[in-house]
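Listing of query_3.cif; format and content: mmCIF, C-alpha atoms.
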```cif
data_query
#
loop_
_atom_site.label_atom_id
_atom_site.label_comp_id
_atom_site.auth_asym_id
_atom_site.auth_seq_id
_atom_site.Cartn_x
_atom_site.Cartn_y
_atom_site.Cartn_z
CA MET R 230 132.92 149.44 186.47
CA LYS R 231 130.31 149.46 183.72
CA PRO R 232 130.98 147.35 180.60
CA SER R 233 131.93 149.36 177.56
CA GLY R 234 129.64 149.74 174.60
CA ARG R 235 132.07 147.73 172.46
CA TYR R 236 131.95 144.85 174.98
CA ILE R 237 128.14 144.82 174.98
CA ILE R 238 128.05 144.85 171.16
CA THR R 239 130.52 141.96 171.06
CA MET R 240 128.45 139.93 173.53
CA VAL R 241 125.21 140.56 171.61
CA SER R 242 126.91 139.68 168.34
CA GLY R 243 128.23 136.44 169.82
CA LEU R 244 124.80 135.42 171.08
CA THR R 245 123.27 136.22 167.68
CA ASP R 246 125.87 134.05 165.97
CA GLN R 247 125.06 131.17 168.33
CA VAL R 248 121.35 131.45 167.57
CA GLN R 249 121.99 131.56 163.83
CA ARG R 250 124.22 128.49 164.01
CA LYS R 251 121.65 126.62 166.12
CA ARG R 252 118.77 127.14 163.67
CA PRO R 253 120.30 125.11 160.80
CA MET R 254 121.23 122.39 163.28
CA GLN R 255 117.66 122.24 164.59
CA ALA R 256 116.29 122.15 161.04
CA ARG R 257 118.63 119.27 160.13
CA ALA R 258 117.63 117.39 163.27
CA GLU R 259 113.95 117.81 162.44
CA ARG R 260 114.51 116.59 158.86
CA THR R 261 116.40 113.57 160.19
CA ARG R 262 113.58 112.79 162.60
CA GLU R 263 110.97 113.01 159.83
CA THR R 264 113.08 110.77 157.58
CA ILE R 265 113.22 108.15 160.31
CA LEU R 266 109.46 108.42 160.93
CA ASP R 267 108.65 108.10 157.22
CA CYS R 268 110.79 104.95 156.93
CA ALA R 269 109.36 103.57 160.18
CA ALA R 270 105.80 104.18 158.97
CA ALA R 271 106.45 102.16 155.81
CA ALA R 272 108.12 99.38 157.83
CA PHE R 273 105.37 99.16 160.46
CA ALA R 274 102.72 99.20 157.71
CA ARG R 275 104.38 96.18 156.09
CA GLY R 276 105.39 94.14 159.11
CA GLY R 277 103.50 95.51 162.07
CA TYR R 278 105.14 96.13 165.43
CA GLU R 279 106.46 92.62 166.00
CA GLY R 280 107.67 92.19 162.43
CA THR R 281 109.67 95.41 162.28
CA SER R 282 113.33 95.54 163.22
CA LEU R 283 115.01 98.72 164.39
CA ASN R 284 118.06 97.74 162.35
CA ASP R 285 115.89 97.66 159.23
CA VAL R 286 114.55 101.14 159.97
CA VAL R 287 118.06 102.49 160.60
CA ARG R 288 119.31 100.99 157.35
CA GLU R 289 116.37 102.18 155.24
CA SER R 290 116.48 105.70 156.68
CA GLY R 291 120.19 106.04 155.87
CA VAL R 292 121.07 107.54 159.26
CA THR R 293 123.72 106.38 161.68
CA LYS R 294 122.73 104.43 164.76
CA GLY R 295 123.93 107.36 166.84
CA ALA R 296 121.59 109.73 165.00
CA PHE R 297 118.74 107.26 165.34
CA TYR R 298 119.14 106.77 169.07
CA PHE R 299 119.49 110.51 169.55
CA HIS R 300 115.84 110.78 168.48
CA PHE R 301 114.36 107.45 169.63
CA GLY R 302 115.56 105.40 172.57
CA SER R 303 113.53 102.24 171.93
CA LYS R 304 111.27 100.44 169.48
CA GLU R 305 108.19 101.28 171.53
CA GLU R 306 109.13 104.97 171.57
CA LEU R 307 109.57 104.87 167.79
CA ALA R 308 106.24 103.09 167.31
CA LEU R 309 104.36 105.60 169.44
CA ALA R 310 105.97 108.54 167.64
CA THR R 311 105.24 106.97 164.24
CA PHE R 312 101.62 106.33 165.16
CA ARG R 313 101.21 109.94 166.28
CA TYR R 314 103.03 111.31 163.21
CA LYS R 315 100.87 109.48 160.65
CA GLN R 316 97.70 109.86 162.70
CA ARG R 317 98.19 113.63 162.70
CA GLN R 318 98.75 113.66 158.94
CA LEU R 319 95.59 111.64 158.35
CA LEU R 320 93.44 113.75 160.66
CA ASP R 321 94.75 117.04 159.25
CA ARG R 322 94.05 115.99 155.66
CA ALA R 323 90.69 114.44 156.44
CA THR R 324 89.61 117.54 158.37
CA ALA R 325 90.84 119.93 155.68
CA GLU R 326 89.01 118.03 152.95
CA THR R 327 85.71 117.58 154.78
CA ASP R 328 85.18 120.75 156.83
CA GLU R 329 82.99 122.31 154.14
CA GLN R 330 80.36 119.57 154.17
CA PRO R 331 76.79 120.91 154.37
CA ASP R 332 75.93 119.25 157.68
CA ALA R 333 77.34 116.99 160.38
CA LEU R 334 76.05 113.69 158.97
CA ALA R 335 77.56 114.48 155.59
CA GLN R 336 80.80 115.45 157.34
CA LEU R 337 80.94 112.15 159.23
CA ALA R 338 80.41 110.16 156.03
CA ALA R 339 83.01 112.24 154.20
CA VAL R 340 85.59 111.84 156.97
CA LEU R 341 85.26 108.06 156.95
CA ARG R 342 85.42 107.81 153.15
CA THR R 343 88.33 110.24 152.93
CA ARG R 344 90.19 108.26 155.58
CA VAL R 345 89.97 105.10 153.45
CA ARG R 346 91.09 106.97 150.32
CA LEU R 347 94.11 108.36 152.12
CA TYR R 348 95.14 104.84 153.16
CA VAL R 349 95.03 103.86 149.48
CA GLU R 350 97.02 106.91 148.39
CA ASP R 351 99.62 106.50 151.15
CA PRO R 352 100.12 102.82 152.06
CA SER R 353 102.55 103.80 154.85
CA ALA R 354 99.60 105.39 156.67
CA ARG R 355 98.34 101.87 157.31
CA CYS R 356 100.93 101.74 160.09
CA VAL R 357 98.26 103.51 162.16
CA LEU R 358 96.04 100.44 161.78
CA ARG R 359 98.77 97.90 162.47
CA ILE R 360 100.41 99.71 165.38
CA GLY R 361 96.98 100.48 166.78
CA ALA R 362 95.90 96.85 166.65
CA GLU R 363 99.10 95.50 168.20
CA LEU R 364 99.92 98.10 170.84
CA GLY R 365 96.26 98.53 171.67
CA ALA R 366 96.15 94.89 172.75
CA THR R 367 99.02 95.26 175.22
CA ALA R 368 99.39 96.94 178.58
CA GLY R 369 103.06 97.89 178.30
CA PRO R 370 104.76 101.04 179.62
CA GLY R 371 103.45 103.12 176.72
CA ALA R 372 99.85 101.96 176.96
CA ALA R 373 98.61 105.09 178.73
CA GLU R 374 100.35 107.36 176.23
CA PHE R 375 99.05 105.31 173.31
CA ALA R 376 95.52 105.50 174.71
CA SER R 377 95.81 109.29 174.95
CA PHE R 378 96.53 109.47 171.21
CA HIS R 379 93.07 108.07 170.52
CA GLU R 380 91.52 111.02 172.33
CA THR R 381 92.43 113.19 169.33
CA THR R 382 90.27 111.06 167.03
CA ILE R 383 87.51 110.69 169.60
CA ASN R 384 87.36 114.46 170.03
CA MET R 385 87.07 114.94 166.26
CA PHE R 386 84.05 112.61 166.15
CA ALA R 387 82.62 114.25 169.27
CA ASP R 388 82.84 117.66 167.59
CA ILE R 389 80.90 116.31 164.61
CA VAL R 390 78.20 115.02 166.98
CA ARG R 391 78.02 118.41 168.71
CA ARG R 392 77.63 120.09 165.33
CA GLY R 393 74.82 117.71 164.40
CA ARG R 394 73.01 118.36 167.67
CA ARG R 395 73.20 122.12 167.03
CA GLU R 396 71.86 121.57 163.51
CA GLY R 397 69.04 119.41 164.88
CA ILE R 398 69.93 116.37 162.75
CA ILE R 399 71.73 114.25 165.36
CA ARG R 400 69.86 112.93 168.39
CA ALA R 401 70.00 115.32 171.32
CA ASP R 402 70.10 112.44 173.82
CA LEU R 403 73.54 111.30 172.63
CA ASP R 404 76.58 112.28 174.67
CA PRO R 405 79.15 113.60 172.16
CA HIS R 406 82.22 112.08 173.79
CA ILE R 407 80.67 108.68 174.43
CA THR R 408 79.33 108.66 170.87
CA GLY R 409 82.77 109.62 169.59
CA GLU R 410 84.24 106.64 171.45
CA ALA R 411 81.61 104.34 169.95
CA ILE R 412 82.29 105.61 166.43
CA LEU R 413 86.03 105.07 166.84
CA ALA R 414 85.41 101.56 168.21
CA ALA R 415 83.23 100.78 165.18
CA VAL R 416 85.87 102.12 162.80
CA VAL R 417 88.68 100.14 164.46
CA GLY R 418 86.54 96.99 164.43
CA THR R 419 85.71 97.47 160.75
CA ASP R 420 89.39 97.89 159.90
CA ARG R 421 90.29 94.74 161.80
CA ILE R 422 87.55 92.58 160.29
CA SER R 423 88.51 93.77 156.80
CA ARG R 424 92.15 92.88 157.43
CA ILE R 425 91.37 89.46 158.92
CA LEU R 426 88.83 88.38 156.31
CA ALA R 427 90.07 90.12 153.16
CA ASN R 428 93.55 91.51 153.90
CA GLY R 429 92.00 94.98 153.75
CA ALA R 430 90.81 94.63 150.15
CA ASP R 431 87.13 95.24 150.98
CA ILE R 432 87.63 98.18 153.33
CA GLU R 433 85.75 100.61 151.06
CA ARG R 434 82.65 98.41 150.93
CA ARG R 435 82.77 97.81 154.67
CA THR R 436 83.21 101.53 155.33
CA ASP R 437 80.13 102.33 153.25
CA ALA R 438 78.15 99.77 155.26
CA LEU R 439 79.44 101.31 158.50
CA ILE R 440 78.45 104.81 157.37
CA ASP R 441 74.92 103.59 156.63
CA LEU R 442 74.70 102.00 160.07
CA LEU R 443 76.13 105.01 161.93
CA VAL R 444 74.02 107.61 160.15
CA HIS R 445 70.82 105.68 160.76
CA GLY R 446 71.80 105.13 164.38
CA ILE R 447 72.64 108.68 165.41
CA ALA R 448 70.40 110.77 163.15
CA CYS R 449 67.07 112.23 164.22
CA ASP R 450 64.02 110.34 162.98
CA THR R 451 63.95 111.74 159.44
CA PRO R 452 64.70 108.81 157.06
CA ALA R 453 64.86 110.92 153.89
CA SER R 454 67.45 113.28 155.33
CA ARG R 455 69.51 110.33 156.54
CA GLN R 456 69.87 108.94 153.03
CA ASP R 457 70.56 112.44 151.74
CA ALA R 458 73.35 112.83 154.28
CA ILE R 459 74.92 109.52 153.25
CA THR R 460 74.91 110.60 149.60
CA LYS R 461 76.19 114.13 150.28
CA GLY R 462 78.95 112.69 152.42
CA ASP R 463 80.51 111.01 149.39
CA PRO R 464 83.47 113.25 148.42
CA GLN R 465 83.52 111.81 144.88
#
```
Let me see the structure of the file written as structure tokens.
Amino acid sequence: MKPSGRYIITMVSGLTDQVQRKRPMQARAERTRETILDCAAAAFARGGYEGTSLNDVVRESGVTKGAFYFHFGSKEELALATFRYKQRQLLDRATAETDEQPDALAQLAAVLRTRVRLYVEDPSARCVLRIGAELGATAGPGAAEFASFHETTINMFADIVRRGRREGIIRADLDPHITGEAILAAVVGTDRISRILANGADIERRTDALIDLLVHGIACDTPASRQDAITKGDPQ
């Protein structure tokens, strides 16, 4: 016996109602997750991984423990998600603000300077530095996943190197991915030295020195254009 038209309409209507009810619930869940991540980013930026308590994050976010553990099952899971969340924000903004640079060397300089400015504008973004330093020194269960997050940044630098090779201003003998890894290592080292020696207060000066070193190291042998690229890379 075939179902009646009224039965089919009722079934379709019921499914539509379920979908419509689910959408607000999903939106609320996503807002709750972002609220937790924003509070966690501020907490990790202040206290680092070891100095941050899950209870503090739960309290500051204003969610119940049940809601918190629905999204994050452990401190390490929260830290990894927070690192990824703020890293993505930083990369998206840095890329959006520096894509129109005249050449690859100027783009590299602009990315590094913009990155520092964004840390000043959003202190919670410094959780990327603190989580990166602490989790990067461990070999816990999330180490492989944490390492994979760095590939996003490495690939961004590698793309800049590829652009520079096409433009003929970055040395053709440089492997883009290996060079991207080296740039990231230099950036991470600069961040760490600044934090150890000056509590991060001199990061702008140290970044300018790093840009000068990187540009002279990867550019083709045209000194005048190197200095021009450093100047053009300044977004100010």
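Reported to one decimal place, the separation of atom CA of R:Asp441 from atom CA of R:Asp404 is 20.1 Å.
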Contact residues around stretch 424-426 of chain R with all atoms listed in the file at 10 Å, ignoring same-chain residues under 5 positions, as an MDAnalysis selection string:
chainID R and resid 358:359 418:419 431:432
Output for the residues just chosen: C-alpha atoms as an mmCIF file, in the frame of the given file:
```
data_model
loop_
_atom_site.group_PDB
_atom_site.id
_atom_site.type_symbol
_atom_site.label_atom_id
_atom_site.label_comp_id
_atom_site.auth_asym_id
_atom_site.auth_seq_id
_atom_site.Cartn_x
_atom_site.Cartn_y
_atom_site.Cartn_z
ATOM 1 C CA LEU R 358 96.040 100.440 161.780
ATOM 2 C CA ARG R 359 98.770 97.900 162.470
ATOM 3 C CA GLY R 418 86.540 96.990 164.430
ATOM 4 C CA THR R 419 85.710 97.470 160.750
ATOM 5 C CA ASP R 431 87.130 95.240 150.980
ATOM 6 C CA ILE R 432 87.630 98.180 153.330
#
```
Top pick for closest residue to R:Thr381, considering R:Leu320, R:Val287, R:Ile440, R:Val416 and counting all atoms listed in the file
R:Leu320
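Of the listed residues (R:Phe386, R:Arg395, R:Ala448, R:Leu439), R:Phe386 comes nearest to R:Leu413; the distances count all atoms listed in the file.
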Which polymer residues have any atom within 10 Å of an atom of R:Cys268, counting all atoms listed in the file, with same-chain residues fewer than 4 positions away left out, as a VMD selection string?
chain R and resid 263 to 264 272 to 274 285 to 291 311 353
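Interatomic distance, atom CA of R:Cys449 to atom CA of R:Ala333: 12.0 Å.
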Contacts of R:Gly361 at 12 Å (all atoms listed in the file; same-chain gap of 4+ positions) as number ranges by chain
R: 273-274, 277-278, 308-309, 311-313, 315-316, 354-357, 365-367, 372, 375-376, 378-379, 413-414, 416-418, 420-421
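As for atom CA of R:Val444 and atom CA of R:Tyr314, they are spaced 29.4 Å apart.
The shortest atom-to-atom distance to R:Gly295, with all atoms listed in the file taken into account, belongs to R:Thr261 out of R:Thr408, R:Thr261, R:Tyr348, R:Arg394.
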Return the single residue from R:Ala258, R:Arg342, R:Arg400, R:Asp332 that is closest to R:Ile447, with distances computed using all atoms listed in the file.
R:Arg400
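The closest residue to R:Arg435, picked from R:Ile265, R:Ile412, R:Ile399, R:Val345 and counting all atoms listed in the file, is R:Val345.
Among R:Glu305, R:Arg257, R:Leu341, R:Gln330, the residue with the shortest atom-to-atom distance to R:Leu364, counting only C-alpha atoms, is R:Glu305.
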Give as a ChimeraX atom specification every residue, naming chains and numbers as the document does, that has an atom within 8 Å of (80.1, 112.6, 170.0), counting all atoms listed in the file.
/R:383-384,386-391,403-410
Residues within 9 Å of R:Arg322, please, as a list of chain:residue names. Count all atoms listed in the file; anything in the same chain fewer than 5 positions from it doesn't count.
R:Arg317, R:Thr327, R:Thr343, R:Arg344, R:Leu347
Kindly reconstruct stretch 273-284 of chain R with all heavy atoms and present the result as a CSV table (one decimal), in the frame of the given file.
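Printed below is part.csv as written:
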```csv
chain,number,residue,atom,x,y,z
R,273,PHE,N,106.4,99.6,159.6
R,273,PHE,CA,105.4,99.2,160.5
R,273,PHE,C,104.1,98.8,159.6
R,273,PHE,O,103.4,97.9,160.0
R,273,PHE,CB,105.0,100.2,161.5
R,273,PHE,CG,106.0,100.3,162.6
R,273,PHE,CD1,106.6,101.6,163.0
R,273,PHE,CD2,106.4,99.2,163.4
R,273,PHE,CE1,107.5,101.7,164.0
R,273,PHE,CE2,107.3,99.3,164.4
R,273,PHE,CZ,107.8,100.5,164.7
R,274,ALA,N,103.9,99.5,158.6
R,274,ALA,CA,102.7,99.2,157.7
R,274,ALA,C,102.9,97.8,157.1
R,274,ALA,O,101.9,97.1,156.9
R,274,ALA,CB,102.5,100.3,156.6
R,275,ARG,N,104.1,97.5,156.7
R,275,ARG,CA,104.4,96.2,156.1
R,275,ARG,C,104.4,95.1,157.1
R,275,ARG,O,103.8,94.0,156.9
R,275,ARG,CB,105.7,96.2,155.4
R,275,ARG,CG,105.8,97.1,154.1
R,275,ARG,CD,107.1,96.8,153.4
R,275,ARG,NE,108.3,96.9,154.2
R,275,ARG,CZ,109.0,98.0,154.3
R,275,ARG,NH1,108.6,99.1,153.6
R,275,ARG,NH2,110.1,98.1,155.1
R,276,GLY,N,105.1,95.2,158.2
R,276,GLY,CA,105.4,94.1,159.1
R,276,GLY,C,104.7,94.2,160.5
R,276,GLY,O,104.9,93.3,161.3
R,277,GLY,N,104.1,95.3,160.7
R,277,GLY,CA,103.5,95.5,162.1
R,277,GLY,C,104.6,95.8,163.1
R,277,GLY,O,105.8,95.9,162.8
R,278,TYR,N,104.2,95.8,164.4
R,278,TYR,CA,105.1,96.1,165.4
R,278,TYR,C,106.1,95.0,165.6
R,278,TYR,O,107.3,95.2,165.6
R,278,TYR,CB,104.4,96.4,166.7
R,278,TYR,CG,105.3,96.8,167.9
R,278,TYR,CD1,105.8,98.1,168.0
R,278,TYR,CD2,105.6,95.8,168.9
R,278,TYR,CE1,106.6,98.4,169.1
R,278,TYR,CE2,106.5,96.2,169.9
R,278,TYR,CZ,107.0,97.5,170.0
R,278,TYR,OH,107.8,97.8,171.0
R,279,GLU,N,105.6,93.8,165.7
R,279,GLU,CA,106.5,92.6,166.0
R,279,GLU,C,107.4,92.3,164.8
R,279,GLU,O,108.5,91.8,165.0
R,279,GLU,CB,105.6,91.4,166.4
R,279,GLU,CG,104.9,91.5,167.7
R,279,GLU,CD,105.8,91.7,168.9
R,279,GLU,OE1,106.9,91.2,168.8
R,279,GLU,OE2,105.4,92.3,169.8
R,280,GLY,N,106.9,92.5,163.6
R,280,GLY,CA,107.7,92.2,162.4
R,280,GLY,C,108.6,93.3,161.9
R,280,GLY,O,109.2,93.1,160.9
R,281,THR,N,108.8,94.3,162.7
R,281,THR,CA,109.7,95.4,162.3
R,281,THR,C,110.9,95.4,163.2
R,281,THR,O,110.8,95.4,164.4
R,281,THR,CB,108.9,96.8,162.4
R,281,THR,OG1,107.8,96.8,161.5
R,281,THR,CG2,109.9,97.9,162.0
R,282,SER,N,112.0,95.5,162.5
R,282,SER,CA,113.3,95.5,163.2
R,282,SER,C,113.9,97.0,163.2
R,282,SER,O,113.8,97.6,162.2
R,282,SER,CB,114.3,94.6,162.5
R,282,SER,OG,115.7,94.9,162.9
R,283,LEU,N,114.4,97.4,164.3
R,283,LEU,CA,115.0,98.7,164.4
R,283,LEU,C,116.2,98.8,163.4
R,283,LEU,O,116.4,99.9,162.8
R,283,LEU,CB,115.5,99.0,165.8
R,283,LEU,CG,114.4,99.4,166.9
R,283,LEU,CD1,115.1,99.8,168.2
R,283,LEU,CD2,113.5,100.5,166.3
R,284,ASN,N,116.9,97.7,163.3
R,284,ASN,CA,118.1,97.7,162.4
R,284,ASN,C,117.6,98.0,160.9
R,284,ASN,O,118.3,98.7,160.1
R,284,ASN,CB,118.8,96.4,162.4
R,284,ASN,CG,119.6,96.3,163.7
R,284,ASN,OD1,120.1,97.3,164.3
R,284,ASN,ND2,119.9,95.0,164.1
```
